[in-house]
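A.B. asks: Please find data19.txt (compact mmCIF, C-alpha atoms and all ligand atoms) on the next line:
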```
# COMPACT_ATOMS: atom_id res chain seq x y z
CA MET A 1 4.77 17.69 -31.85
CA ARG A 2 6.63 18.17 -28.61
CA LYS A 3 4.88 19.89 -25.73
CA ASN A 4 5.58 23.25 -24.16
CA ILE A 5 5.85 22.84 -20.41
CA VAL A 6 6.28 25.26 -17.53
CA ALA A 7 7.04 23.56 -14.20
CA GLY A 8 7.35 25.32 -10.85
CA ASN A 9 9.85 23.82 -8.44
CA TRP A 10 8.85 25.02 -4.98
CA LYS A 11 11.93 23.40 -3.37
CA MET A 12 11.87 23.36 0.47
CA ASN A 13 9.44 26.28 0.68
CA ASN A 14 5.85 26.58 1.93
CA ASP A 15 4.30 24.80 4.90
CA LEU A 16 0.74 23.49 4.59
CA ALA A 17 -0.99 26.83 5.12
CA GLN A 18 1.35 28.60 2.70
CA THR A 19 0.82 25.82 0.17
CA GLU A 20 -2.95 26.33 0.42
CA THR A 21 -2.52 30.07 -0.08
CA LEU A 22 -0.34 29.60 -3.15
CA ILE A 23 -2.70 27.03 -4.64
CA THR A 24 -5.66 29.37 -4.17
CA ALA A 25 -3.69 32.13 -5.89
CA LEU A 26 -2.79 29.79 -8.76
CA GLN A 27 -6.44 28.85 -9.18
CA GLY A 28 -7.21 32.55 -9.60
CA GLN A 29 -4.89 32.86 -12.62
CA THR A 30 -5.87 32.54 -16.26
CA LYS A 31 -3.87 30.51 -18.74
CA THR A 32 -3.69 32.00 -22.22
CA SER A 33 -0.90 29.80 -23.60
CA ASN A 34 -0.81 26.17 -24.68
CA ALA A 35 1.85 25.24 -22.09
CA GLU A 36 1.37 22.28 -19.80
CA VAL A 37 1.63 23.55 -16.22
CA MET A 38 3.16 21.64 -13.32
CA VAL A 39 3.99 22.47 -9.72
CA ALA A 40 6.30 20.54 -7.40
CA PRO A 41 5.50 21.01 -3.68
CA THR A 42 7.44 19.35 -0.86
CA PHE A 43 6.64 15.72 -0.02
CA THR A 44 4.51 16.67 3.02
CA ASN A 45 2.22 18.82 0.87
CA LEU A 46 1.97 16.61 -2.21
CA TRP A 47 -1.22 14.82 -1.21
CA HIS A 48 -2.98 18.02 -0.21
CA ALA A 49 -1.86 19.79 -3.40
CA PHE A 50 -2.94 16.83 -5.50
CA GLN A 51 -6.40 16.82 -3.92
CA SER A 52 -6.79 20.60 -4.30
CA LEU A 53 -5.68 20.67 -7.93
CA ARG A 54 -7.19 17.41 -9.20
CA GLU A 55 -9.96 19.22 -11.15
CA SER A 56 -7.53 21.80 -12.55
CA ASP A 57 -5.12 21.65 -15.49
CA ILE A 58 -2.14 22.00 -13.14
CA GLU A 59 -0.25 18.75 -12.63
CA VAL A 60 1.26 18.11 -9.21
CA VAL A 61 4.71 16.54 -9.48
CA ALA A 62 7.40 15.40 -7.03
CA GLN A 63 10.84 16.95 -6.52
CA ASN A 64 12.69 13.67 -5.98
CA MET A 65 12.32 9.97 -5.18
CA HIS A 66 14.48 6.99 -4.23
CA PHE A 67 15.38 4.24 -6.68
CA ALA A 68 14.32 1.34 -4.45
CA GLU A 69 10.71 0.14 -4.28
CA ASN A 70 10.70 -0.04 -0.48
CA GLY A 71 12.91 -1.14 2.41
CA ALA A 72 15.44 0.18 4.88
CA TYR A 73 15.98 3.66 3.43
CA THR A 74 14.97 5.93 6.30
CA GLY A 75 13.56 9.23 5.14
CA GLU A 76 13.12 8.22 1.52
CA ILE A 77 10.06 7.94 -0.76
CA SER A 78 9.58 5.49 -3.62
CA ALA A 79 7.99 5.80 -7.06
CA SER A 80 5.12 3.49 -6.09
CA MET A 81 4.39 5.66 -3.02
CA LEU A 82 4.18 8.72 -5.25
CA LYS A 83 1.96 6.87 -7.67
CA SER A 84 -0.30 5.71 -4.86
CA ILE A 85 -1.26 9.35 -4.16
CA GLY A 86 -1.75 10.15 -7.84
CA VAL A 87 1.63 11.72 -8.65
CA LYS A 88 2.75 10.68 -12.13
CA THR A 89 5.79 12.87 -12.76
CA VAL A 90 9.03 13.35 -10.83
CA ILE A 91 11.90 15.82 -11.12
CA LEU A 92 15.24 13.98 -10.95
CA GLY A 93 18.83 15.22 -10.93
CA HIS A 94 18.26 18.81 -9.83
CA SER A 95 21.64 20.47 -9.28
CA GLU A 96 20.82 21.02 -5.59
CA ARG A 97 20.32 17.26 -5.20
CA ARG A 98 23.58 16.63 -7.02
CA ALA A 99 25.48 19.24 -4.95
CA TYR A 100 24.06 18.69 -1.44
CA PHE A 101 22.93 15.05 -1.52
CA ASN A 102 25.71 13.50 -3.57
CA GLU A 103 23.50 12.41 -6.43
CA THR A 104 25.57 11.13 -9.32
CA ASP A 105 24.86 10.18 -12.92
CA GLU A 106 25.00 6.54 -11.78
CA SER A 107 22.48 6.89 -8.93
CA LEU A 108 20.29 9.04 -11.18
CA ALA A 109 20.28 6.33 -13.85
CA LYS A 110 18.80 3.99 -11.23
CA LYS A 111 16.19 6.55 -10.22
CA VAL A 112 15.24 7.11 -13.86
CA ASP A 113 14.83 3.34 -14.31
CA ALA A 114 12.67 3.07 -11.18
CA ALA A 115 10.43 5.95 -12.26
CA LEU A 116 9.98 4.56 -15.77
CA ALA A 117 9.32 1.05 -14.43
CA ASN A 118 6.44 2.63 -12.52
CA ASP A 119 5.13 4.36 -15.66
CA MET A 120 6.06 7.76 -14.33
CA ARG A 121 7.27 10.69 -16.37
CA VAL A 122 10.70 12.08 -15.51
CA ILE A 123 11.88 15.67 -15.73
CA PHE A 124 15.62 15.03 -15.88
CA CYS A 125 17.80 17.99 -14.86
CA PHE A 126 21.43 18.61 -15.70
CA GLY A 127 23.75 21.53 -16.40
CA GLU A 128 27.29 22.75 -16.13
CA GLU A 129 28.91 24.75 -13.34
CA LEU A 130 30.43 28.18 -13.88
CA ALA A 131 33.97 26.78 -13.96
CA ASP A 132 32.96 24.37 -16.74
CA ARG A 133 31.57 27.21 -18.83
CA LYS A 134 34.61 29.43 -18.20
CA ALA A 135 36.82 26.58 -19.37
CA GLY A 136 34.66 26.06 -22.47
CA ASN A 137 33.66 22.59 -21.26
CA GLU A 138 29.91 23.09 -21.01
CA GLU A 139 28.99 20.83 -23.90
CA ALA A 140 31.31 18.05 -22.73
CA VAL A 141 29.81 18.18 -19.22
CA VAL A 142 26.20 18.29 -20.37
CA GLY A 143 26.79 15.59 -22.98
CA SER A 144 28.24 13.22 -20.42
CA GLN A 145 25.48 13.91 -17.86
CA ILE A 146 22.88 12.95 -20.47
CA LYS A 147 24.77 9.92 -21.78
CA ASN A 148 25.64 8.52 -18.35
CA ALA A 149 22.14 8.77 -16.91
CA LEU A 150 19.94 8.16 -19.96
CA PHE A 151 21.69 6.46 -22.85
CA HIS A 152 21.15 2.95 -21.49
CA LEU A 153 17.44 3.52 -22.22
CA GLY A 154 15.63 2.26 -25.30
CA ALA A 155 14.01 4.80 -27.60
CA GLU A 156 10.50 4.00 -26.27
CA ALA A 157 11.46 5.28 -22.83
CA PHE A 158 11.86 8.84 -24.13
CA LYS A 159 8.09 9.20 -24.41
CA ASN A 160 8.27 9.67 -20.66
CA ILE A 161 11.37 11.84 -20.45
CA VAL A 162 11.45 15.62 -20.37
CA LEU A 163 14.90 17.24 -20.24
CA ALA A 164 15.69 20.34 -18.20
CA TYR A 165 18.91 22.18 -18.95
CA GLU A 166 19.79 24.20 -15.87
CA PRO A 167 23.22 25.84 -15.86
CA VAL A 168 24.21 25.76 -12.19
CA TRP A 169 25.55 29.32 -12.36
CA ALA A 170 22.09 30.60 -13.30
CA ILE A 171 20.02 28.86 -10.60
CA GLY A 172 18.76 31.23 -7.93
CA THR A 173 21.52 33.71 -8.77
CA GLY A 174 19.52 36.21 -10.79
CA GLU A 175 21.94 35.54 -13.63
CA THR A 176 20.23 34.00 -16.66
CA ALA A 177 21.80 32.32 -19.63
CA SER A 178 21.24 34.61 -22.59
CA PRO A 179 18.55 33.37 -24.97
CA GLU A 180 21.36 32.59 -27.43
CA GLN A 181 23.33 30.59 -24.84
CA ALA A 182 20.17 28.65 -24.00
CA GLN A 183 19.37 28.02 -27.67
CA ASP A 184 22.94 26.90 -28.46
CA MET A 185 22.92 24.40 -25.61
CA HIS A 186 19.42 23.13 -26.38
CA ALA A 187 20.42 22.60 -30.02
CA PHE A 188 23.49 20.68 -28.81
CA ILE A 189 21.29 18.54 -26.52
CA ARG A 190 18.91 17.77 -29.38
CA LYS A 191 21.85 16.83 -31.61
CA THR A 192 23.21 14.57 -28.87
CA LEU A 193 19.83 12.80 -28.78
CA SER A 194 19.64 12.68 -32.55
CA ASP A 195 23.12 11.14 -32.91
CA LYS A 196 22.09 8.27 -30.65
CA TYR A 197 18.36 7.82 -31.35
CA GLY A 198 17.65 9.63 -34.62
CA ASN A 199 16.00 12.89 -35.61
CA ASP A 200 12.38 11.92 -34.98
CA LEU A 201 13.04 11.06 -31.37
CA ALA A 202 15.20 14.13 -30.82
CA ASP A 203 12.46 16.34 -32.25
CA SER A 204 9.84 14.80 -29.98
CA VAL A 205 11.56 15.41 -26.62
CA SER A 206 10.70 18.62 -24.74
CA ILE A 207 13.78 20.46 -23.47
CA LEU A 208 13.12 23.01 -20.72
CA TYR A 209 15.46 25.79 -19.65
CA GLY A 210 15.90 26.60 -15.96
CA GLY A 211 17.88 29.33 -14.24
CA SER A 212 16.45 32.65 -13.06
CA VAL A 213 13.57 32.70 -15.53
CA LYS A 214 11.32 35.65 -14.67
CA PRO A 215 8.31 37.34 -16.28
CA ALA A 216 10.70 39.90 -17.79
CA ASN A 217 12.92 37.40 -19.64
CA ALA A 218 10.64 34.40 -20.25
CA GLN A 219 9.25 35.48 -23.60
CA GLU A 220 12.65 35.98 -25.19
CA ILE A 221 13.99 32.68 -23.88
CA PHE A 222 10.85 30.76 -24.92
CA SER A 223 10.98 32.29 -28.39
CA LYS A 224 14.06 30.20 -29.20
CA PRO A 225 13.22 27.21 -31.40
CA ASP A 226 14.75 24.51 -29.20
CA VAL A 227 13.49 25.89 -25.88
CA ASP A 228 10.23 24.13 -25.06
CA GLY A 229 9.52 25.68 -21.69
CA GLY A 230 10.99 26.32 -18.30
CA LEU A 231 11.71 24.86 -14.90
CA ILE A 232 11.07 27.76 -12.58
CA GLY A 233 12.32 28.15 -9.00
CA GLY A 234 12.00 31.53 -7.26
CA ALA A 235 9.41 33.00 -9.64
CA ALA A 236 7.16 29.95 -9.16
CA LEU A 237 6.45 31.01 -5.57
CA LYS A 238 4.32 33.94 -6.72
CA ALA A 239 1.22 32.93 -8.65
CA GLU A 240 1.14 36.07 -10.80
CA ASP A 241 4.80 35.80 -11.77
CA PHE A 242 4.45 32.10 -12.48
CA TYR A 243 1.46 32.63 -14.76
CA ALA A 244 3.17 35.54 -16.49
CA ILE A 245 5.86 32.97 -17.38
CA VAL A 246 3.28 30.29 -18.33
CA ASN A 247 1.62 32.84 -20.61
CA ALA A 248 4.90 33.96 -22.15
CA PHE A 249 4.50 31.36 -24.92
C1 LIG B 1 15.46 25.71 -10.21
O1 LIG B 1 15.67 25.55 -9.03
O2 LIG B 1 15.20 24.73 -10.95
C2 LIG B 1 15.54 27.06 -10.75
C3 LIG B 1 15.58 27.21 -12.04
O3 LIG B 1 15.57 28.10 -9.82
P1 LIG B 1 15.50 29.67 -10.15
O4 LIG B 1 14.40 29.86 -11.16
O5 LIG B 1 15.19 30.32 -8.85
O6 LIG B 1 16.83 30.05 -10.70
```
Since I need it in another form, could you write the structure as structure tokens?
Ligand code: PEP

C.D. replies:
Amino acid sequence: MRKNIVAGNWKMNNDLAQTETLITALQGQTKTSNAEVMVAPTFTNLWHAFQSLRESDIEVVAQNMHFAENGAYTGEISASMLKSIGVKTVILGHSERRAYFNETDESLAKKVDAALANDMRVIFCFGEELADRKAGNEEAVVGSQIKNALFHLGAEAFKNIVLAYEPVWAIGTGETASPEQAQDMHAFIRKTLSDKYGNDLADSVSILYGGSVKPANAQEIFSKPDVDGGLIGGAALKAEDFYAIVNAF
């Protein structure tokens, strides 16, 4: 059985004091669903968040990492550094990293390899831009993002891969893919996995939807059979909204 997951991507928000406040608010929430819950603070707050949440059922995950183990990469952080502070999961390939930091399918394939070599779990993000969807190319774009970054992997590796479909036109815009658009794409993603690795593997991989998920729309999106949870940006910055989404399952 694949897992339901709700992950909050805090992006470049919250200094240390604000992180403490949000964590305290999260600890005051009650989970009534079976979803696994994750939050991704900035690098500077990861250690503090990890310490504060170590007794809770909220996993602290990283927003990014470099593919090299160590060396002359000023400003970067490696998988083993994340692991050394207890972080076991990393978000890779977010559209903001692709758009503003020139991340490509090729560099992401290296990051995925480095994370897996360190026994980390990867939340791998991808999604089409508005122009791709208008041109009817969304499946071609998404299919190639998945193939280019992940299809060199053996089947075993997918135990540690979670996929996050995030149409770029829906991220932070207030515009959400309709539940049907999300379901259609998630079914396509599962078929893409199935064609390469077989049905059992495709059925076992959690596929999250991301893009303006809010308490008001989460339940309908999560009710779709191939949507296994969400990667949440803006609404993850308010504990009550985030838990309304967590509890939407
Ligand atoms: C995201 O950044 O992954 C995201 C989905 O953001 P938002 O929920 O704000 O659209």

A.B. asks: So which residues touch Gly211 (chain A) within 7 Å, counting only C-alpha atoms, skipping near sequence neighbours fewer than 3 positions away, as number ranges by chain?

C.D. replies: A: 166-167, 170-172, 176

A.B. asks: Determine, counting only C-alpha atoms, which protein, DNA and RNA residues have an atom within 10 Å of an atom of Val60 (chain A); residues of the same chain fewer than 4 positions away are not included. Present the result as an NGL selection string.

C.D. replies: :A and (7-8 or 37-41 or 46-54 or 86-90)

A.B. asks: Write out as a tab-separated table (two decimals) with C-alpha atoms, in the frame of the given file which residues come within 10 Å of Ser78 (chain A) when counting all atoms listed in the file, dropping same-chain ones fewer than 5 positions away.

C.D. replies:
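File produced: out_18.tsv:
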```
chain	number	residue	atom	x	y	z
A	64	ASN	CA	12.69	13.67	-5.98
A	65	MET	CA	12.32	9.97	-5.18
A	66	HIS	CA	14.48	6.99	-4.23
A	67	PHE	CA	15.38	4.24	-6.68
A	68	ALA	CA	14.32	1.34	-4.45
A	69	GLU	CA	10.71	0.14	-4.28
A	70	ASN	CA	10.70	-0.04	-0.48
A	71	GLY	CA	12.91	-1.14	2.41
A	73	TYR	CA	15.98	3.66	3.43
A	83	LYS	CA	1.96	6.87	-7.67
A	84	SER	CA	-0.30	5.71	-4.86
A	111	LYS	CA	16.19	6.55	-10.22
A	114	ALA	CA	12.67	3.07	-11.18
A	115	ALA	CA	10.43	5.95	-12.26
A	118	ASN	CA	6.44	2.63	-12.52
```

A.B. asks: So, counting all atoms listed in the file, which residue among A:Met12, A:Glu59, A:Leu153, A:Ser223 is closest to Ala117 (chain A)?

C.D. replies: A:Leu153

A.B. asks: What are the nearest atom pairs, with distances in Å to one decimal, for all residues of chain A that come at most 8 Å from ligand LIG 1 (chain B), using all atoms listed in the file, set out by chain and rising residue number as JSON lines?

C.D. replies:
```
{"residue": "A:Gly8", "atom": "CA", "partner": "B:LIG1", "partner_atom": "O2", "distance": 7.9}
{"residue": "A:Asn9", "atom": "CA", "partner": "B:LIG1", "partner_atom": "O2", "distance": 6.0}
{"residue": "A:Trp10", "atom": "CA", "partner": "B:LIG1", "partner_atom": "O1", "distance": 7.9}
{"residue": "A:Lys11", "atom": "CA", "partner": "B:LIG1", "partner_atom": "O1", "distance": 7.1}
{"residue": "A:His94", "atom": "CA", "partner": "B:LIG1", "partner_atom": "O2", "distance": 6.8}
{"residue": "A:Ser95", "atom": "CA", "partner": "B:LIG1", "partner_atom": "O1", "distance": 7.8}
{"residue": "A:Glu96", "atom": "CA", "partner": "B:LIG1", "partner_atom": "O1", "distance": 7.7}
{"residue": "A:Glu166", "atom": "CA", "partner": "B:LIG1", "partner_atom": "C3", "distance": 6.4}
{"residue": "A:Ala170", "atom": "CA", "partner": "B:LIG1", "partner_atom": "O6", "distance": 5.9}
{"residue": "A:Ile171", "atom": "CA", "partner": "B:LIG1", "partner_atom": "O6", "distance": 3.4}
{"residue": "A:Gly172", "atom": "CA", "partner": "B:LIG1", "partner_atom": "O6", "distance": 3.6}
{"residue": "A:Thr173", "atom": "CA", "partner": "B:LIG1", "partner_atom": "O6", "distance": 6.3}
{"residue": "A:Gly174", "atom": "CA", "partner": "B:LIG1", "partner_atom": "O6", "distance": 6.7}
{"residue": "A:Thr176", "atom": "CA", "partner": "B:LIG1", "partner_atom": "O6", "distance": 7.9}
{"residue": "A:Tyr209", "atom": "CA", "partner": "B:LIG1", "partner_atom": "C3", "distance": 7.7}
{"residue": "A:Gly210", "atom": "CA", "partner": "B:LIG1", "partner_atom": "C3", "distance": 4.0}
{"residue": "A:Gly211", "atom": "CA", "partner": "B:LIG1", "partner_atom": "O6", "distance": 3.8}
{"residue": "A:Ser212", "atom": "CA", "partner": "B:LIG1", "partner_atom": "O6", "distance": 3.5}
{"residue": "A:Val213", "atom": "CA", "partner": "B:LIG1", "partner_atom": "O4", "distance": 5.3}
{"residue": "A:Lys214", "atom": "CA", "partner": "B:LIG1", "partner_atom": "O4", "distance": 7.4}
{"residue": "A:Gly230", "atom": "CA", "partner": "B:LIG1", "partner_atom": "C3", "distance": 7.8}
{"residue": "A:Leu231", "atom": "CA", "partner": "B:LIG1", "partner_atom": "O2", "distance": 5.3}
{"residue": "A:Ile232", "atom": "CA", "partner": "B:LIG1", "partner_atom": "O4", "distance": 4.2}
{"residue": "A:Gly233", "atom": "CA", "partner": "B:LIG1", "partner_atom": "O3", "distance": 3.4}
{"residue": "A:Gly234", "atom": "CA", "partner": "B:LIG1", "partner_atom": "O5", "distance": 3.8}
{"residue": "A:Ala235", "atom": "CA", "partner": "B:LIG1", "partner_atom": "O4", "distance": 6.1}
{"residue": "A:Ala236", "atom": "CA", "partner": "B:LIG1", "partner_atom": "O4", "distance": 7.5}
```

A.B. asks: How many Å separate CA of Pro179 (chain A) from CA of Lys191 (chain A)?

C.D. replies: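 Interatomic distance, CA of Pro179 (chain A) to CA of Lys191 (chain A): 18.1 Å.
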
A.B. asks: Within 8 Å of region 126-132 of chain A, counting only C-alpha atoms, which residues qualify if same-chain residues fewer than 2 places away don't, as number ranges by chain?

C.D. replies: A: 93-95, 124, 134-138, 141-142, 145-146, 164-169

A.B. asks: Would you pick out the contacts of Ile91 (chain A) at 8 Å or less, using only C-alpha atoms, so that residues sharing its chain but fewer than 6 positions from it are not included, and give the list as a list in words?

C.D. replies: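 Surrounding residues, per the criterion: Val61, Ala62, Gln63, Asn64, Val122, Ile123, Phe124 and Cys125 of chain A.
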
A.B. asks: Kindly give the distance, in Å, that separates CA of Ser33 (chain A) and CA of Val205 (chain A), rounded to a single decimal.

C.D. replies: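 One can read the CA of Ser33 (chain A) to CA of Val205 (chain A) distance as 19.3 Å.
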
A.B. asks: Select, from A:Ile161, A:Val227, A:Leu116, A:Ala218, the residue with the minimum atom-to-atom distance to Phe242 (chain A), counting all atoms listed in the file.

C.D. replies: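 Of A:Ile161, A:Val227, A:Leu116, A:Ala218, the one nearest Phe242 (chain A), counting all atoms listed in the file, is A:Ala218.
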
A.B. asks: Could you check the closest approach to Leu208 (chain A) for each of A:Leu150, A:Ala35, A:Leu26, A:Ala109 and tell me which residue wins, using all atoms listed in the file?

C.D. replies: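 Among the listed residues, A:Ala35 lies closest to Leu208 (chain A).
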
A.B. asks: So, with all atoms listed in the file as the atoms that count, which of A:Asn34, A:Thr19, A:Gln27, A:Ser206 lies closest to Val246 (chain A)?

C.D. replies: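 Using all atoms listed in the file, the shortest distance to Val246 (chain A) belongs to A:Asn34.
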